Amino acid sequence: MQKRDSTEALLAAAGVTLAGSAAYGIKTLLHRNKITICQHCKNEFKWKEMAELGYVKKAINNSAHPKEVLAHWYHERIQENAICRSCFEKEFAAIEKRLSKASSVHVYPSTYKGRLSIKSNSSIMIFTEEYKDREYAKQVLQAWAAYYGKNVITEARYDYSTHRNDNYYYKMWSYRGTASLLQ
Ligand SMILES: [Zn+2]
């Protein structure tokens, strides 16, 4: 399994506002009020600008791709490496391009018995959190596959749990599967 922090923590770290987590996100970014050198272009910039301009938050919020995947990307690839705004925008365009391949990631359910030519050592387990919309959960799974550069998901299965809000019962869906590269 790919180990991940919770979506909420990742979104907060990226400055994306979610109920209850906004304060954490602002604090995380404001303490970086220092001049530093962009590790990409070697120009000086202020970390504080990232919080004040809110362009990280805006970019993630305005993207059509799953926010949790982008927040994870930001946390893993960008946050700990000093990066200026123009380099961030280049990197963001690159990750969006990568995620745009998500919809073409083939998803084979665990009941699929056909043979697939999977490249050896290319497989990783991926999973989603729970969502009210099952189809969206599947799309997020495809986005994770695309994020890790995979083009097929096998052994895909969904799960659900039942929740109650007063007298209203609803299901929350999650997906998991094995993401690989087809030869
Ligand atoms: Zn730069």
# chains A, B, ... in the order shown; residues from 1 in each chain; ligands from 1
call {"tool": "residues_around", "arguments": {"residues": "Ser63 (chain A)", "least_positions_apart": "2", "cutoff": "12 Å", "atoms": "only C-alpha atoms", "output": "list in words"}}
result
Val16, Tyr55, Val56, Lys57, Lys58, Ala59, Ile60, Asn61, His65, Pro66, Lys67, Glu68, Val69, Leu70, Ala71, Phe92, Ala93, Ile95, Glu96, Lys97, Leu99 and Ser100 of chain A
call {"tool": "select_by_dssp", "arguments": {"residues": "region 100-159 of chain A", "states": "strand (DSSP E)", "output": "list in words"}}
result
His106, Val107, Tyr108, Pro109, Ile124, Met125, Ile126, Phe127, Val152, Ile153, Thr154, Glu155, Ala156, Arg157, Tyr158 and Asp159 of chain A
call {"tool": "write_last_selection", "arguments": {"atoms": "N, CA and C atoms", "output": "compact mmCIF listing (two decimals), in the first residue's frame"}}
result
# COMPACT_ATOMS: atom_id res chain seq x y z
N HIS A 106 -7.37 1.88 -17.89
CA HIS A 106 -8.37 0.80 -17.91
C HIS A 106 -8.53 0.20 -16.52
N VAL A 107 -9.78 -0.02 -16.15
CA VAL A 107 -10.07 -0.60 -14.84
C VAL A 107 -10.68 -1.98 -15.02
N TYR A 108 -9.97 -3.01 -14.59
CA TYR A 108 -10.48 -4.39 -14.67
C TYR A 108 -10.92 -4.84 -13.29
N PRO A 109 -12.18 -5.25 -13.17
CA PRO A 109 -12.65 -5.68 -11.85
C PRO A 109 -11.98 -6.99 -11.41
N ILE A 124 1.63 -1.57 -8.06
CA ILE A 124 1.50 -1.03 -6.70
C ILE A 124 0.03 -1.11 -6.29
N MET A 125 -0.20 -1.23 -5.02
CA MET A 125 -1.58 -1.22 -4.52
C MET A 125 -2.00 0.23 -4.35
N ILE A 126 -3.19 0.53 -4.81
CA ILE A 126 -3.72 1.88 -4.59
C ILE A 126 -5.13 1.78 -4.01
N PHE A 127 -5.54 2.83 -3.36
CA PHE A 127 -6.88 2.81 -2.76
C PHE A 127 -7.36 4.25 -2.61
N VAL A 152 -3.00 0.90 -16.10
CA VAL A 152 -4.05 -0.10 -15.95
C VAL A 152 -4.26 -0.39 -14.46
N ILE A 153 -5.51 -0.70 -14.14
CA ILE A 153 -5.83 -1.11 -12.76
C ILE A 153 -6.49 -2.48 -12.85
N THR A 154 -5.95 -3.43 -12.14
CA THR A 154 -6.54 -4.77 -12.09
C THR A 154 -7.02 -5.04 -10.67
N GLU A 155 -7.77 -6.11 -10.52
CA GLU A 155 -8.28 -6.51 -9.21
C GLU A 155 -9.05 -5.36 -8.54
N ALA A 156 -9.70 -4.55 -9.37
CA ALA A 156 -10.42 -3.41 -8.81
C ALA A 156 -11.67 -3.88 -8.08
N ARG A 157 -11.88 -3.35 -6.93
CA ARG A 157 -13.12 -3.67 -6.18
C ARG A 157 -13.54 -2.46 -5.35
N TYR A 158 -14.83 -2.39 -5.16
CA TYR A 158 -15.32 -1.29 -4.31
C TYR A 158 -15.85 -1.85 -3.01
N ASP A 159 -15.92 -0.98 -2.07
CA ASP A 159 -16.42 -1.31 -0.74
C ASP A 159 -17.35 -0.19 -0.32
call {"tool": "residues_near_ligand", "arguments": {"ligand": "ligand 1", "cutoff": "6 Å", "atoms": "only C-alpha atoms and all ligand atoms", "output": "PyMOL selection string"}}
result
chain A and resi 38+40-41+43+83-84+86-87
call {"tool": "closest_atom_pairs", "arguments": {"of": "region 125-152 of chain A", "to": "region 172-180 of chain A", "cutoff": "8 Å", "atoms": "only C-alpha atoms", "output": "tab-separated table"}}
result
residue	atom	partner	partner_atom	distance
A:Met125	CA	A:Thr178	CA	4.6
A:Ile126	CA	A:Gly177	CA	5.6
A:Phe127	CA	A:Arg176	CA	4.0
A:Thr128	CA	A:Tyr175	CA	5.5
A:Glu129	CA	A:Ser174	CA	5.6
A:Glu130	CA	A:Ser174	CA	4.5
A:Tyr131	CA	A:Trp173	CA	5.1
A:Lys132	CA	A:Met172	CA	4.7
A:Asp133	CA	A:Trp173	CA	6.7
A:Arg134	CA	A:Trp173	CA	5.2
A:Ala137	CA	A:Ser174	CA	5.7
A:Lys138	CA	A:Tyr175	CA	6.0
A:Leu141	CA	A:Tyr175	CA	6.5
A:Ala145	CA	A:Ala179	CA	5.6
A:Lys150	CA	A:Ser180	CA	5.1
A:Asn151	CA	A:Ser180	CA	6.3
A:Val152	CA	A:Ser180	CA	5.4
call {"tool": "write_last_selection", "arguments": {"atoms": "C-alpha atoms", "output": "tab-separated table (two decimals), in the first residue's frame"}}
result
chain	number	residue	atom	x	y	z
A	125	MET	CA	-1.58	-1.22	-4.52
A	126	ILE	CA	-3.72	1.88	-4.59
A	127	PHE	CA	-6.88	2.81	-2.76
A	128	THR	CA	-9.18	5.74	-2.23
A	129	GLU	CA	-10.88	7.24	0.74
A	130	GLU	CA	-14.65	7.02	1.02
A	131	TYR	CA	-16.98	9.11	-1.11
A	132	LYS	CA	-20.72	9.43	-1.39
A	133	ASP	CA	-20.47	8.99	-5.15
A	134	ARG	CA	-19.23	5.56	-6.19
A	137	ALA	CA	-14.41	7.01	-6.06
A	138	LYS	CA	-13.51	5.08	-9.21
A	141	LEU	CA	-8.62	5.55	-8.14
A	145	ALA	CA	-2.94	5.27	-11.06
A	150	LYS	CA	0.43	3.52	-14.37
A	151	ASN	CA	-1.96	2.80	-17.22
A	152	VAL	CA	-4.05	-0.10	-15.95
